[in-house]
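Inspection log for the structure reproduced underneath, given as structure tokens.
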Amino acid sequence: MFDLFLEREAKKLSSGECNFLDGMRGSHLRLYEILDVKADQGFDLRDLWDDRRVWVRSAWRPESSRLGM
């Protein structure tokens with residue numbers, strides 16, 4: 001799929017974009033739908049490829065971002 005995209009679209013992309021995409025060739029990309037967001041906790045996703053749900057915990061804590069903490 002990746003090679004097909006590059007074959008069709010490479011002429012429309014800059015050399016930097018082509019280099020970036022070529023570097024990403026071995027990576028695994030997926031498309032997710034955001035189902036729910038809970039402030040300071042995380043968010044619930046649905047994998048659009050296989051319909052699995054995934055919970056992503058928030059790594060950012062507002063209390064730790066204050067000066068002196």
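In the structure tokens, the first chain shown is A, the next is B, and so on; residue numbers restart at 1 for each chain, and ligands run from 1 in the order shown.
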Residues within 12 Å of stretch 24-33 of chain A, only C-alpha atoms, excluding chain neighbours under 6 positions, as a ChimeraX atom specification: /A:1-3,5-6,17-18,43-56
Atom CA of A:Ala59 to atom CA of A:Lys38, straight-line distance in Å: 12.6 Å
Backbone DSSP call of strand (DSSP E) for chain A, listed as JSON, numbers by chain: {"A": [32, 33, 34, 35, 36, 37, 38, 42, 43, 44, 45, 46, 47, 53, 54, 55, 56, 57]}
Write out, as a tab-separated table (two decimals), in the first residue's frame, the residues just selected, with C-alpha atoms.
```tsv
chain	number	residue	atom	x	y	z
A	32	TYR	CA	-8.00	5.66	15.52
A	33	GLU	CA	-11.29	7.31	16.42
A	34	ILE	CA	-11.39	9.20	19.74
A	35	LEU	CA	-14.36	7.88	21.69
A	36	ASP	CA	-13.95	9.63	25.03
A	37	VAL	CA	-11.59	12.07	26.75
A	38	LYS	CA	-11.29	12.27	30.53
A	42	GLY	CA	-6.55	9.86	29.39
A	43	PHE	CA	-8.66	8.97	26.39
A	44	ASP	CA	-10.48	6.01	24.90
A	45	LEU	CA	-9.75	5.12	21.25
A	46	ARG	CA	-11.26	2.72	18.73
A	47	ASP	CA	-8.88	1.14	16.25
A	53	ARG	CA	-10.73	-0.27	21.94
A	54	VAL	CA	-7.60	1.16	23.53
A	55	TRP	CA	-7.29	3.30	26.68
A	56	VAL	CA	-4.38	5.77	26.63
A	57	ARG	CA	-3.43	7.08	30.06
```
Members of chain A assigned alpha helix (DSSP H) by DSSP, as a list in words: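 Put together, the selection reads Phe2, Asp3, Leu4, Phe5, Leu6, Glu7, Arg8, Glu9, Ser15, Gly16, Glu17, Cys18, Asn19, Phe20, Leu21, Asp22 and Gly23 of chain A.
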So that I have them on file, write out the residues from the current selection with all heavy atoms, as a tab-separated table (two decimals), in the first residue's frame.
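Full text of part03.tsv as output:
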```tsv
chain	number	residue	atom	x	y	z
A	2	PHE	N	1.92	1.22	0.83
A	2	PHE	CA	2.83	2.36	0.92
A	2	PHE	C	3.49	2.65	-0.43
A	2	PHE	O	3.53	3.79	-0.88
A	2	PHE	CB	3.88	2.06	2.00
A	2	PHE	CG	4.85	3.18	2.20
A	2	PHE	CD1	4.53	4.25	3.02
A	2	PHE	CD2	6.08	3.17	1.59
A	2	PHE	CE1	5.42	5.29	3.21
A	2	PHE	CE2	6.99	4.19	1.78
A	2	PHE	CZ	6.65	5.25	2.60
A	3	ASP	N	4.00	1.60	-1.06
A	3	ASP	CA	4.66	1.77	-2.35
A	3	ASP	C	3.69	2.29	-3.41
A	3	ASP	O	4.07	3.12	-4.24
A	3	ASP	CB	5.30	0.46	-2.81
A	3	ASP	CG	6.49	0.07	-1.95
A	3	ASP	OD1	7.22	0.99	-1.51
A	3	ASP	OD2	6.68	-1.13	-1.71
A	4	LEU	N	2.46	1.82	-3.36
A	4	LEU	CA	1.45	2.29	-4.31
A	4	LEU	C	1.18	3.78	-4.12
A	4	LEU	O	1.10	4.54	-5.08
A	4	LEU	CB	0.16	1.48	-4.15
A	4	LEU	CG	-0.99	1.86	-5.06
A	4	LEU	CD1	-0.61	1.65	-6.53
A	4	LEU	CD2	-2.22	1.02	-4.72
A	5	PHE	N	1.07	4.20	-2.85
A	5	PHE	CA	0.86	5.62	-2.57
A	5	PHE	C	2.02	6.46	-3.12
A	5	PHE	O	1.80	7.47	-3.80
A	5	PHE	CB	0.72	5.86	-1.05
A	5	PHE	CG	0.70	7.32	-0.70
A	5	PHE	CD1	-0.46	8.06	-0.85
A	5	PHE	CD2	1.84	7.95	-0.23
A	5	PHE	CE1	-0.48	9.42	-0.55
A	5	PHE	CE2	1.83	9.30	0.08
A	5	PHE	CZ	0.66	10.03	-0.08
A	6	LEU	N	3.25	6.04	-2.83
A	6	LEU	CA	4.40	6.80	-3.32
A	6	LEU	C	4.47	6.82	-4.84
A	6	LEU	O	4.80	7.85	-5.44
A	6	LEU	CB	5.70	6.24	-2.75
A	6	LEU	CG	6.09	6.73	-1.37
A	6	LEU	CD1	7.44	6.17	-0.96
A	6	LEU	CD2	6.11	8.24	-1.29
A	7	GLU	N	4.14	5.71	-5.45
A	7	GLU	CA	4.15	5.64	-6.91
A	7	GLU	C	3.18	6.65	-7.51
A	7	GLU	O	3.48	7.32	-8.49
A	7	GLU	CB	3.76	4.22	-7.33
A	7	GLU	CG	3.83	3.96	-8.82
A	7	GLU	CD	3.43	2.52	-9.14
A	7	GLU	OE1	4.00	1.60	-8.54
A	7	GLU	OE2	2.52	2.35	-9.97
A	8	ARG	N	2.02	6.78	-6.88
A	8	ARG	CA	0.98	7.69	-7.41
A	8	ARG	C	1.19	9.14	-7.02
A	8	ARG	O	0.85	10.05	-7.76
A	8	ARG	CB	-0.39	7.24	-6.92
A	8	ARG	CG	-0.84	5.94	-7.51
A	8	ARG	CD	-2.20	5.59	-6.99
A	8	ARG	NE	-2.68	4.34	-7.59
A	8	ARG	CZ	-3.83	3.77	-7.29
A	8	ARG	NH1	-4.64	4.33	-6.40
A	8	ARG	NH2	-4.18	2.66	-7.86
A	9	GLU	N	1.71	9.38	-5.80
A	9	GLU	CA	1.72	10.74	-5.25
A	9	GLU	C	3.09	11.39	-5.16
A	9	GLU	O	3.17	12.58	-4.84
A	9	GLU	CB	1.09	10.72	-3.85
A	9	GLU	CG	-0.33	10.16	-3.81
A	9	GLU	CD	-1.32	10.99	-4.59
A	9	GLU	OE1	-1.21	12.24	-4.59
A	9	GLU	OE2	-2.22	10.41	-5.22
A	15	SER	N	10.87	16.88	-1.82
A	15	SER	CA	11.89	15.87	-1.55
A	15	SER	C	11.94	15.56	-0.05
A	15	SER	O	12.15	14.41	0.35
A	15	SER	CB	13.26	16.31	-2.06
A	15	SER	OG	13.67	17.49	-1.40
A	16	GLY	N	11.73	16.57	0.79
A	16	GLY	CA	11.69	16.35	2.25
A	16	GLY	C	10.55	15.44	2.66
A	16	GLY	O	10.73	14.56	3.51
A	17	GLU	N	9.38	15.65	2.06
A	17	GLU	CA	8.24	14.79	2.36
A	17	GLU	C	8.50	13.36	1.90
A	17	GLU	O	8.19	12.40	2.63
A	17	GLU	CB	6.97	15.34	1.70
A	17	GLU	CG	6.49	16.63	2.32
A	17	GLU	CD	5.42	17.33	1.51
A	17	GLU	OE1	5.45	17.27	0.26
A	17	GLU	OE2	4.53	17.95	2.14
A	18	CYS	N	9.08	13.20	0.73
A	18	CYS	CA	9.41	11.86	0.23
A	18	CYS	C	10.42	11.18	1.13
A	18	CYS	O	10.29	9.98	1.44
A	18	CYS	CB	9.93	11.93	-1.20
A	18	CYS	SG	8.65	12.26	-2.41
A	19	ASN	N	11.44	11.93	1.57
A	19	ASN	CA	12.45	11.35	2.46
A	19	ASN	C	11.83	10.94	3.79
A	19	ASN	O	12.16	9.88	4.33
A	19	ASN	CB	13.59	12.35	2.71
A	19	ASN	CG	14.46	12.54	1.50
A	19	ASN	OD1	14.53	11.67	0.62
A	19	ASN	ND2	15.12	13.68	1.43
A	20	PHE	N	10.95	11.77	4.33
A	20	PHE	CA	10.28	11.44	5.59
A	20	PHE	C	9.46	10.16	5.43
A	20	PHE	O	9.56	9.24	6.24
A	20	PHE	CB	9.37	12.59	6.04
A	20	PHE	CG	8.53	12.24	7.22
A	20	PHE	CD1	9.07	12.24	8.49
A	20	PHE	CD2	7.19	11.89	7.05
A	20	PHE	CE1	8.30	11.91	9.60
A	20	PHE	CE2	6.42	11.55	8.15
A	20	PHE	CZ	6.96	11.57	9.42
A	21	LEU	N	8.66	10.10	4.38
A	21	LEU	CA	7.83	8.91	4.16
A	21	LEU	C	8.67	7.67	3.92
A	21	LEU	O	8.34	6.59	4.39
A	21	LEU	CB	6.87	9.15	2.98
A	21	LEU	CG	5.76	10.15	3.26
A	21	LEU	CD1	5.00	10.43	1.98
A	21	LEU	CD2	4.83	9.65	4.35
A	22	ASP	N	9.77	7.83	3.20
A	22	ASP	CA	10.65	6.69	2.97
A	22	ASP	C	11.24	6.19	4.29
A	22	ASP	O	11.36	4.99	4.51
A	22	ASP	CB	11.76	7.07	1.99
A	22	ASP	CG	12.49	5.86	1.46
A	22	ASP	OD1	11.81	4.90	1.06
A	22	ASP	OD2	13.73	5.87	1.47
A	23	GLY	N	11.58	7.11	5.18
A	23	GLY	CA	12.08	6.74	6.51
A	23	GLY	C	11.03	6.04	7.36
A	23	GLY	O	11.36	5.26	8.25
```
